[in-house]
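Structure record follows, encoded as structure tokens.
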Amino acid sequence: MIVQRRAVPAVLTAAALLLTAGCSSDDGGTAGADGSASPSRTAPGSSAPPRQGAEEAPPAKGSVKVVRTVAEGLDSPWGLAPLPGGGLLVSSRDDGTIVRVDDRTGRKTQVGEVPGVSAAGEGGLLGIALSPEFASDRMVYAYFTSGGDNRIVRMLYDDKKPAGEQLGAPDTVFRGIPKGFIHNGGRIEFGPDKMLYVGTGESGDTGLSQDKDSVGGKILRLTPEGEPAPGNPFPDSPVYSYGHRNVQGLAWDGKQRLFASEFGQDTWDELNAIKPGDNYGWPEAEGRSDDSGFHNPVDQWTTAEASPSGIAYAEGSIWMAGLRGKRLWRIPLNGTEASAEPQAFLEGEYGRLRTVVPAGGDRLWLVTSNTDGRGDPKDGDDRILELRVT
């Protein structure tokens, strides 16, 4: 039975099963005892689908320039939400707090702590998003790991109150998303239709991804109140697409088409174009497949090259942050297909990259992730960078 608003939490995967799942989603997969991975991004025996026509593709080659460091000294940053009129809200996975960063001066002010966060492994306070009616309702949404599940809450944000007291009491809008030491998903975004899209993980229990009665290993589409959104592909269900392993990034292009990044296990990480009701293959398929029942990715990468997290759309391309890959990928688009070979930027320069968010026009906000327990923090980590891209 699918768990909806305020329902009893779903049965959770046992910790022993999670710890023996044979992979770590922040690192994409095990990839081999020496950390090596196949040098090729193309699956043997597979070929890219024919290119779509009619749409103007961006240039095959692009560029990235780091304009400035916006802020430093962030602890385990995960989600980022730009505020209307300026300022950035940033969630701390391990601390369970949200801080406001002045994007002009870099000054950090703690907004408040989200109660009930139980941080362990890849769980904690993850994605955040502003209500589509934020100008009037001042609601901030957050996805976090509690003691029994992953859930989504919304809180009133009042910046007139003292620092540390600016978040109201959380109202739970959706609960019962399976939790685990790994594969907790966590990315939330409001789409162009003002519905809430949620990337979940299968918590190490691979069977959940193909089970349409489970919300694990899915992309969900909800109303702002946490109910299944009108027009979803399965009746009375929040499930929008299934067969995912651990969805980490959500973004829409200029024609309101949804894309998502996803961790692979040992072989292929994915960027997917999301079609309502489609099956993306996990665990039967990882990367491209000859099975016509599965929706093949736009492109794929070895786990050492990517282990993708957040994505953003700007200048005709998807920009994809890499954790283990320690680089920012540019994937130029023609419709829902790659129009040229992806390019890697900033390789190894700033360590693990967690979140990338549009900053308007040719600008992006990029968040590093070196204080998450898997990186090698340097002085100043973690930080937010402003990029200019083409």
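Scheme for the structure tokens: letters A, B, ... for chains in order shown; per-chain residue numbers from 1; ligand numbers from 1 in order shown.
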Long-range neighbours of A:Leu167 as a ChimeraX atom specification, 7 Å cut-off, only C-alpha atoms, 2 positions minimum in chain: /A:111-112,155-158,165,169
List the spatial neighbours of A:Ser91 as a count of residues only - criterion: any atom at most 9 Å away, only C-alpha atoms, same-chain residues fewer than 5 positions off excluded. 15
Where in stretch 243-386 of chain A does DSSP assign strand (DSSP E or B), given as JSON, numbers by chain? {"A": [246, 247, 248, 249, 250, 251, 252, 258, 259, 260, 261, 262, 268, 269, 270, 271, 272, 273, 279, 299, 300, 301, 302, 308, 309, 310, 311, 312, 313, 314, 317, 318, 319, 320, 321, 322, 328, 329, 330, 331, 332, 333, 334, 337, 338, 343, 344, 345, 353, 354, 355, 356, 357, 358, 363, 364, 365, 366, 367, 368, 384, 385, 386]}
Any idea what's packed within 10 Å of A:Trp319, counting only C-alpha atoms, ignoring anything in its chain fewer than 2 positions away? Could you give it as a ChimeraX atom specification? /A:251,310-317,321-322,328-332,342-344,356-358,364,389
Contacts of A:Gly287 within 8 Å, only C-alpha atoms, excl. fewer than 3 positions in-chain, as a list in words: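 Final neighbour list, sorted by chain and number: Ala43, Gly264, Thr267, Trp268, Asp269, Glu270, Asn296, Pro297 and Gln300 of chain A.
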Using the selection just defined, write its residues with C-alpha atoms as a PDB file, in the first residue's frame.
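result_7.pdb, freshly written:
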ATOM      1  CA  ALA A  43      27.973   0.139 -22.829  1.00  0.00           C
ATOM      2  CA  GLY A 264      24.510   3.451 -10.614  1.00  0.00           C
ATOM      3  CA  THR A 267      29.002   0.200 -13.785  1.00  0.00           C
ATOM      4  CA  TRP A 268      26.837   3.098 -14.985  1.00  0.00           C
ATOM      5  CA  ASP A 269      25.571   6.330 -13.513  1.00  0.00           C
ATOM      6  CA  GLU A 270      22.728   7.934 -15.485  1.00  0.00           C
ATOM      7  CA  ASN A 296      17.234   4.235 -21.596  1.00  0.00           C
ATOM      8  CA  PRO A 297      19.260   7.144 -20.194  1.00  0.00           C
ATOM      9  CA  GLN A 300      25.772   7.329 -18.852  1.00  0.00           C
TER      10      GLN A 300
END
Find the residue from A:Gly207, A:Gly123, A:Gly185, A:Pro192 that sits nearest to A:Ala260; use only C-alpha atoms when measuring.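 That would be A:Gly185, the residue with the smallest distance to A:Ala260.
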Name the residues in contact with A:Glu305 at a cut-off of 7 Å, using only C-alpha atoms, excluding same-chain residues fewer than 3 positions from it; report them as an MDAnalysis selection string. chainID A and resid 301:302 325
